[in-house]
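Undergrad: The following file, query_15.cif, comprises mmCIF, C-alpha atoms:
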data_query
loop_
_atom_site.group_PDB
_atom_site.id
_atom_site.type_symbol
_atom_site.label_atom_id
_atom_site.label_comp_id
_atom_site.auth_asym_id
_atom_site.auth_seq_id
_atom_site.Cartn_x
_atom_site.Cartn_y
_atom_site.Cartn_z
ATOM 1 C CA GLN A 1 -72.195 183.983 167.023
ATOM 2 C CA VAL A 2 -71.552 187.707 166.831
ATOM 3 C CA GLN A 3 -70.086 189.326 163.743
ATOM 4 C CA LEU A 4 -68.623 192.811 163.823
ATOM 5 C CA VAL A 5 -67.855 194.815 160.690
ATOM 6 C CA GLU A 6 -65.929 198.074 160.914
ATOM 7 C CA SER A 7 -65.945 200.810 158.291
ATOM 8 C CA GLY A 8 -64.884 204.400 157.843
ATOM 9 C CA GLY A 9 -61.128 204.187 158.024
ATOM 10 C CA LYS A 10 -59.080 206.091 155.461
ATOM 11 C CA LEU A 11 -56.169 208.465 154.901
ATOM 12 C CA VAL A 12 -56.693 211.889 156.458
ATOM 13 C CA GLN A 13 -54.499 214.901 157.161
ATOM 14 C CA ALA A 14 -53.499 215.858 160.671
ATOM 15 C CA GLY A 15 -56.174 217.989 162.295
ATOM 16 C CA GLY A 16 -58.912 216.303 160.320
ATOM 17 C CA SER A 17 -61.836 214.177 161.441
ATOM 18 C CA LEU A 18 -63.177 210.692 160.796
ATOM 19 C CA ARG A 19 -66.115 208.681 162.013
ATOM 20 C CA LEU A 20 -65.697 204.944 162.328
ATOM 21 C CA SER A 21 -68.696 202.646 162.420
ATOM 22 C CA CYS A 22 -69.055 199.088 163.639
ATOM 23 C CA ALA A 23 -72.143 197.136 162.669
ATOM 24 C CA ALA A 24 -72.958 194.106 164.807
ATOM 25 C CA SER A 25 -74.962 191.094 163.804
ATOM 26 C CA VAL A 26 -76.234 190.007 167.189
ATOM 27 C CA ARG A 27 -79.622 189.199 168.586
ATOM 28 C CA ILE A 28 -79.499 191.513 171.585
ATOM 29 C CA PHE A 29 -76.957 194.234 170.827
ATOM 30 C CA SER A 30 -77.924 196.160 173.935
ATOM 31 C CA SER A 31 -76.582 193.374 176.145
ATOM 32 C CA TYR A 32 -72.996 193.989 174.998
ATOM 33 C CA ALA A 33 -70.468 196.573 176.006
ATOM 34 C CA MET A 34 -68.691 197.829 172.905
ATOM 35 C CA ALA A 35 -65.158 199.094 172.531
ATOM 36 C CA TRP A 36 -62.584 200.349 170.078
ATOM 37 C CA PHE A 37 -58.973 199.238 170.219
ATOM 38 C CA ARG A 38 -56.126 200.132 167.892
ATOM 39 C CA GLN A 39 -52.892 198.536 166.846
ATOM 40 C CA ALA A 40 -49.996 200.292 165.178
ATOM 41 C CA PRO A 41 -47.327 198.319 163.282
ATOM 42 C CA GLY A 42 -45.013 196.506 165.671
ATOM 43 C CA LYS A 43 -47.041 197.474 168.729
ATOM 44 C CA GLU A 44 -49.580 195.826 170.980
ATOM 45 C CA ARG A 45 -53.304 196.277 170.616
ATOM 46 C CA ASP A 46 -54.294 199.222 172.813
ATOM 47 C CA PHE A 47 -57.588 200.319 174.298
ATOM 48 C CA VAL A 48 -59.095 203.494 172.821
ATOM 49 C CA ALA A 49 -62.676 203.841 174.089
ATOM 50 C CA SER A 50 -65.644 201.829 175.292
ATOM 51 C CA ILE A 51 -69.297 202.239 176.108
ATOM 52 C CA THR A 52 -71.486 200.152 178.375
ATOM 53 C CA TRP A 53 -74.546 198.263 177.191
ATOM 54 C CA THR A 54 -76.990 200.948 178.296
ATOM 55 C CA SER A 55 -74.706 203.810 177.181
ATOM 56 C CA GLY A 56 -74.623 204.823 180.813
ATOM 57 C CA ARG A 57 -70.857 205.022 180.965
ATOM 58 C CA THR A 58 -68.015 205.707 178.566
ATOM 59 C CA TYR A 59 -64.300 205.190 179.006
ATOM 60 C CA TYR A 60 -61.365 206.666 177.100
ATOM 61 C CA THR A 61 -57.646 206.295 177.085
ATOM 62 C CA ASP A 62 -55.957 209.525 178.130
ATOM 63 C CA SER A 63 -54.426 210.292 174.731
ATOM 64 C CA VAL A 64 -57.832 210.613 173.037
ATOM 65 C CA LYS A 65 -59.857 212.342 175.737
ATOM 66 C CA GLY A 66 -61.421 215.510 174.395
ATOM 67 C CA ARG A 67 -60.799 214.446 170.785
ATOM 68 C CA PHE A 68 -62.663 211.140 170.364
ATOM 69 C CA THR A 69 -66.262 210.311 171.223
ATOM 70 C CA ILE A 70 -67.760 206.841 171.370
ATOM 71 C CA SER A 71 -71.497 206.375 170.960
ATOM 72 C CA ARG A 72 -73.947 203.644 170.093
ATOM 73 C CA ASP A 73 -77.325 203.267 168.442
ATOM 74 C CA ASN A 74 -78.934 200.133 169.831
ATOM 75 C CA ALA A 75 -81.772 200.361 167.301
ATOM 76 C CA LYS A 76 -79.220 200.065 164.486
ATOM 77 C CA ASN A 77 -76.871 197.616 166.236
ATOM 78 C CA THR A 78 -74.034 200.047 165.583
ATOM 79 C CA VAL A 79 -71.287 201.674 167.600
ATOM 80 C CA TYR A 80 -69.425 204.755 166.406
ATOM 81 C CA LEU A 81 -66.115 206.435 167.086
ATOM 82 C CA GLN A 82 -66.006 210.102 166.180
ATOM 83 C CA MET A 83 -62.376 211.156 165.903
ATOM 84 C CA ASN A 84 -61.497 214.848 165.758
ATOM 85 C CA SER A 85 -58.188 216.717 165.758
ATOM 86 C CA LEU A 86 -56.441 213.642 164.456
ATOM 87 C CA LYS A 87 -52.699 213.299 164.939
ATOM 88 C CA PRO A 88 -50.123 211.167 163.095
ATOM 89 C CA GLU A 89 -49.782 209.059 166.253
ATOM 90 C CA ASP A 90 -53.423 208.027 165.844
ATOM 91 C CA THR A 91 -52.400 206.006 162.779
ATOM 92 C CA ALA A 92 -53.306 202.366 163.352
ATOM 93 C CA VAL A 93 -55.701 199.603 162.507
ATOM 94 C CA TYR A 94 -58.839 200.215 164.556
ATOM 95 C CA TYR A 95 -60.759 197.221 165.857
ATOM 96 C CA CYS A 96 -64.269 197.006 167.219
ATOM 97 C CA ALA A 97 -64.896 194.572 170.088
ATOM 98 C CA ALA A 98 -67.907 193.284 172.005
ATOM 99 C CA ASP A 99 -68.083 192.093 175.606
ATOM 100 C CA HIS A 100 -71.244 190.506 176.965
ATOM 101 C CA ALA A 101 -72.651 192.383 179.949
ATOM 102 C CA ARG A 102 -70.964 191.252 183.151
ATOM 103 C CA ILE A 103 -70.231 192.332 186.673
ATOM 104 C CA GLY A 104 -66.837 193.936 186.940
ATOM 105 C CA TYR A 105 -66.705 195.418 183.467
ATOM 106 C CA GLY A 106 -65.819 198.787 184.938
ATOM 107 C CA SER A 107 -62.522 197.443 186.254
ATOM 108 C CA SER A 108 -61.382 195.628 183.119
ATOM 109 C CA TYR A 109 -62.842 197.506 180.157
ATOM 110 C CA TYR A 110 -59.356 198.194 178.799
ATOM 111 C CA VAL A 111 -58.207 194.553 178.710
ATOM 112 C CA PRO A 112 -58.369 193.026 175.210
ATOM 113 C CA ASN A 113 -58.707 189.446 176.482
ATOM 114 C CA GLU A 114 -61.938 190.337 178.274
ATOM 115 C CA TYR A 115 -63.732 190.899 174.974
ATOM 116 C CA ASP A 116 -65.628 188.049 173.373
ATOM 117 C CA TYR A 117 -65.817 189.147 169.749
ATOM 118 C CA TRP A 118 -63.688 191.201 167.372
ATOM 119 C CA GLY A 119 -64.056 192.769 163.958
ATOM 120 C CA GLN A 120 -61.505 192.529 161.174
ATOM 121 C CA GLY A 121 -60.256 196.088 161.624
ATOM 122 C CA THR A 122 -60.194 199.258 159.552
ATOM 123 C CA GLN A 123 -57.059 201.250 158.694
ATOM 124 C CA VAL A 124 -56.759 204.852 159.800
ATOM 125 C CA THR A 125 -53.767 206.772 158.489
ATOM 126 C CA VAL A 126 -53.085 210.344 159.567
ATOM 127 C CA SER A 127 -50.534 212.234 157.497
ATOM 128 C CA SER A 128 -48.526 215.106 158.905
#
What do you get writing this file as structure tokens?

TA:
Amino acid sequence: QVQLVESGGKLVQAGGSLRLSCAASVRIFSSYAMAWFRQAPGKERDFVASITWTSGRTYYTDSVKGRFTISRDNAKNTVYLQMNSLKPEDTAVYYCAADHARIGYGSSYYVPNEYDYWGQGTQVTVSS
């Protein structure tokens, strides 16, 4: 069983920065692709960013490209989301997700149902 625990969410002003962390309790962290999704009130859970198990490839949704950076430290079993130039529309609960390494990940990295494990979420609120 994999447990994911997010941290780092808080209230920040527009233009500010935050770094989210997701600590994973898993035997072989490096065998999982990791992702961040977000869900605003009344909306669906949307893909934000992901990183493959060897950190060889990252993916971002268009609205965060150039502002957010996903990274991972396999020695610490942790994935990060550095968020810069935050906007009010970035306000949401941010979830960490893990997907065991598989063929075809590159074509479905943005699909929530493809992920095997989820954290409980951390609230990010950006004030204008």

Undergrad: Extract, using only C-alpha atoms, all DNA, RNA and protein residues at most 6 Å from Ile51 (chain A), discarding same-chain residues fewer than 3 positions from it, and format them as a list in words.

TA: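 The contact residues come out as Ala33, Met34, Ser55, Arg57 and Thr58 of chain A.
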
Undergrad: If we count all atoms listed in the file, what is near Trp36 (chain A) at a cut-off of 9 Å, once residues fewer than 4 positions away on the same chain are taken out, given as a PyMOL selection string?

TA: chain A and resi 46-50+70+80-81+94-97

Undergrad: Near region 113-116 of chain A, counting all atoms listed in the file, which residues have an atom at most 12 Å away, once you skip same-chain residues fewer than 3 positions from it, shown as a VMD selection string?

TA: chain A and resid 1 to 4 32 to 37 45 to 47 50 95 to 110 119

Undergrad: Using all atoms of region 74-79 of chain A that appear in the file, construct an axis-aligned enclosing box with 8 Å of padding on every side and provide its centre coordinates and edge lengths in Å, rounded to one decimal, as lines of an AutoDock Vina configuration file.

TA:
center_x = -76.5
center_y = 199.6
center_z = 167.2
size_x = 26.5
size_y = 20.1
size_z = 21.3

Undergrad: To verify the selection step, state as a PDB file with C-alpha atoms, in the coordinates of the input which residues the PyMOL selection byres ((chain A and resi 85) around 12) yields on this input.

TA:
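Output saved as out_30.pdb:
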ATOM      1  CA  VAL A  12     -56.693 211.889 156.458  1.00  0.00           C
ATOM      2  CA  GLN A  13     -54.499 214.901 157.161  1.00  0.00           C
ATOM      3  CA  ALA A  14     -53.499 215.858 160.671  1.00  0.00           C
ATOM      4  CA  GLY A  15     -56.174 217.989 162.295  1.00  0.00           C
ATOM      5  CA  GLY A  16     -58.912 216.303 160.320  1.00  0.00           C
ATOM      6  CA  SER A  17     -61.836 214.177 161.441  1.00  0.00           C
ATOM      7  CA  LEU A  18     -63.177 210.692 160.796  1.00  0.00           C
ATOM      8  CA  ARG A  19     -66.115 208.681 162.013  1.00  0.00           C
ATOM      9  CA  SER A  63     -54.426 210.292 174.731  1.00  0.00           C
ATOM     10  CA  VAL A  64     -57.832 210.613 173.037  1.00  0.00           C
ATOM     11  CA  LYS A  65     -59.857 212.342 175.737  1.00  0.00           C
ATOM     12  CA  GLY A  66     -61.421 215.510 174.395  1.00  0.00           C
ATOM     13  CA  ARG A  67     -60.799 214.446 170.785  1.00  0.00           C
ATOM     14  CA  PHE A  68     -62.663 211.140 170.364  1.00  0.00           C
ATOM     15  CA  THR A  69     -66.262 210.311 171.223  1.00  0.00           C
ATOM     16  CA  GLN A  82     -66.006 210.102 166.180  1.00  0.00           C
ATOM     17  CA  MET A  83     -62.376 211.156 165.903  1.00  0.00           C
ATOM     18  CA  ASN A  84     -61.497 214.848 165.758  1.00  0.00           C
ATOM     19  CA  LEU A  86     -56.441 213.642 164.456  1.00  0.00           C
ATOM     20  CA  LYS A  87     -52.699 213.299 164.939  1.00  0.00           C
ATOM     21  CA  PRO A  88     -50.123 211.167 163.095  1.00  0.00           C
ATOM     22  CA  GLU A  89     -49.782 209.059 166.253  1.00  0.00           C
ATOM     23  CA  ASP A  90     -53.423 208.027 165.844  1.00  0.00           C
ATOM     24  CA  VAL A 126     -53.085 210.344 159.567  1.00  0.00           C
ATOM     25  CA  SER A 128     -48.526 215.106 158.905  1.00  0.00           C
TER      26      SER A 128
END

Undergrad: When distances are computed from only C-alpha atoms, which of A:Arg38, A:Trp53, A:Cys22, A:Tyr60 shows the smallest separation from Glu6 (chain A)?

TA: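 Of all the options, A:Cys22 lies closest to Glu6 (chain A).
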
Undergrad: Interatomic distance between CA of Val26 (chain A) and CA of Glu44 (chain A)?

TA: 27.5 Å

Undergrad: Please output region 4-19 of chain A, rebuilt to include N, CA, C and O atoms, as a PDB file, keeping the file's coordinate frame.

TA:
ATOM      1  N   LEU A   4     -68.833 191.376 163.750  1.00  0.00           N
ATOM      2  CA  LEU A   4     -68.623 192.811 163.823  1.00  0.00           C
ATOM      3  C   LEU A   4     -67.924 193.264 162.550  1.00  0.00           C
ATOM      4  O   LEU A   4     -66.901 192.668 162.160  1.00  0.00           O
ATOM      5  N   VAL A   5     -68.442 194.311 161.930  1.00  0.00           N
ATOM      6  CA  VAL A   5     -67.855 194.815 160.690  1.00  0.00           C
ATOM      7  C   VAL A   5     -67.606 196.307 160.831  1.00  0.00           C
ATOM      8  O   VAL A   5     -68.549 197.099 160.956  1.00  0.00           O
ATOM      9  N   GLU A   6     -66.316 196.668 160.809  1.00  0.00           N
ATOM     10  CA  GLU A   6     -65.929 198.074 160.914  1.00  0.00           C
ATOM     11  C   GLU A   6     -65.894 198.722 159.540  1.00  0.00           C
ATOM     12  O   GLU A   6     -65.646 198.058 158.526  1.00  0.00           O
ATOM     13  N   SER A   7     -66.075 200.032 159.523  1.00  0.00           N
ATOM     14  CA  SER A   7     -65.945 200.810 158.291  1.00  0.00           C
ATOM     15  C   SER A   7     -65.602 202.243 158.655  1.00  0.00           C
ATOM     16  O   SER A   7     -65.748 202.651 159.814  1.00  0.00           O
ATOM     17  N   GLY A   8     -65.140 202.983 157.657  1.00  0.00           N
ATOM     18  CA  GLY A   8     -64.884 204.400 157.843  1.00  0.00           C
ATOM     19  C   GLY A   8     -63.425 204.798 157.897  1.00  0.00           C
ATOM     20  O   GLY A   8     -63.102 205.982 157.867  1.00  0.00           O
ATOM     21  N   GLY A   9     -62.534 203.844 157.979  1.00  0.00           N
ATOM     22  CA  GLY A   9     -61.128 204.187 158.024  1.00  0.00           C
ATOM     23  C   GLY A   9     -60.607 204.651 156.679  1.00  0.00           C
ATOM     24  O   GLY A   9     -61.043 204.165 155.641  1.00  0.00           O
ATOM     25  N   LYS A  10     -59.695 205.607 156.687  1.00  0.00           N
ATOM     26  CA  LYS A  10     -59.080 206.091 155.461  1.00  0.00           C
ATOM     27  C   LYS A  10     -57.894 206.980 155.778  1.00  0.00           C
ATOM     28  O   LYS A  10     -57.542 207.166 156.949  1.00  0.00           O
ATOM     29  N   LEU A  11     -57.269 207.525 154.755  1.00  0.00           N
ATOM     30  CA  LEU A  11     -56.169 208.465 154.901  1.00  0.00           C
ATOM     31  C   LEU A  11     -56.736 209.866 155.116  1.00  0.00           C
ATOM     32  O   LEU A  11     -57.595 210.321 154.364  1.00  0.00           O
ATOM     33  N   VAL A  12     -56.241 210.541 156.144  1.00  0.00           N
ATOM     34  CA  VAL A  12     -56.693 211.889 156.458  1.00  0.00           C
ATOM     35  C   VAL A  12     -55.501 212.724 156.918  1.00  0.00           C
ATOM     36  O   VAL A  12     -54.529 212.181 157.453  1.00  0.00           O
ATOM     37  N   GLN A  13     -55.578 214.020 156.715  1.00  0.00           N
ATOM     38  CA  GLN A  13     -54.499 214.901 157.161  1.00  0.00           C
ATOM     39  C   GLN A  13     -54.617 215.189 158.654  1.00  0.00           C
ATOM     40  O   GLN A  13     -55.724 215.149 159.226  1.00  0.00           O
ATOM     41  N   ALA A  14     -53.509 215.487 159.255  1.00  0.00           N
ATOM     42  CA  ALA A  14     -53.499 215.858 160.671  1.00  0.00           C
ATOM     43  C   ALA A  14     -54.442 217.037 160.900  1.00  0.00           C
ATOM     44  O   ALA A  14     -54.490 217.972 160.089  1.00  0.00           O
ATOM     45  N   GLY A  15     -55.184 216.967 161.999  1.00  0.00           N
ATOM     46  CA  GLY A  15     -56.174 217.989 162.295  1.00  0.00           C
ATOM     47  C   GLY A  15     -57.555 217.672 161.758  1.00  0.00           C
ATOM     48  O   GLY A  15     -58.537 218.338 162.119  1.00  0.00           O
ATOM     49  N   GLY A  16     -57.635 216.670 160.919  1.00  0.00           N
ATOM     50  CA  GLY A  16     -58.912 216.303 160.320  1.00  0.00           C
ATOM     51  C   GLY A  16     -59.753 215.410 161.213  1.00  0.00           C
ATOM     52  O   GLY A  16     -59.373 215.117 162.364  1.00  0.00           O
ATOM     53  N   SER A  17     -60.885 214.996 160.681  1.00  0.00           N
ATOM     54  CA  SER A  17     -61.836 214.177 161.441  1.00  0.00           C
ATOM     55  C   SER A  17     -62.253 212.950 160.640  1.00  0.00           C
ATOM     56  O   SER A  17     -62.243 212.963 159.406  1.00  0.00           O
ATOM     57  N   LEU A  18     -62.624 211.905 161.383  1.00  0.00           N
ATOM     58  CA  LEU A  18     -63.177 210.692 160.796  1.00  0.00           C
ATOM     59  C   LEU A  18     -64.219 210.136 161.740  1.00  0.00           C
ATOM     60  O   LEU A  18     -64.118 210.339 162.953  1.00  0.00           O
ATOM     61  N   ARG A  19     -65.187 209.430 161.181  1.00  0.00           N
ATOM     62  CA  ARG A  19     -66.115 208.681 162.013  1.00  0.00           C
ATOM     63  C   ARG A  19     -66.075 207.213 161.601  1.00  0.00           C
ATOM     64  O   ARG A  19     -66.367 206.878 160.452  1.00  0.00           O
TER      65      ARG A  19
END
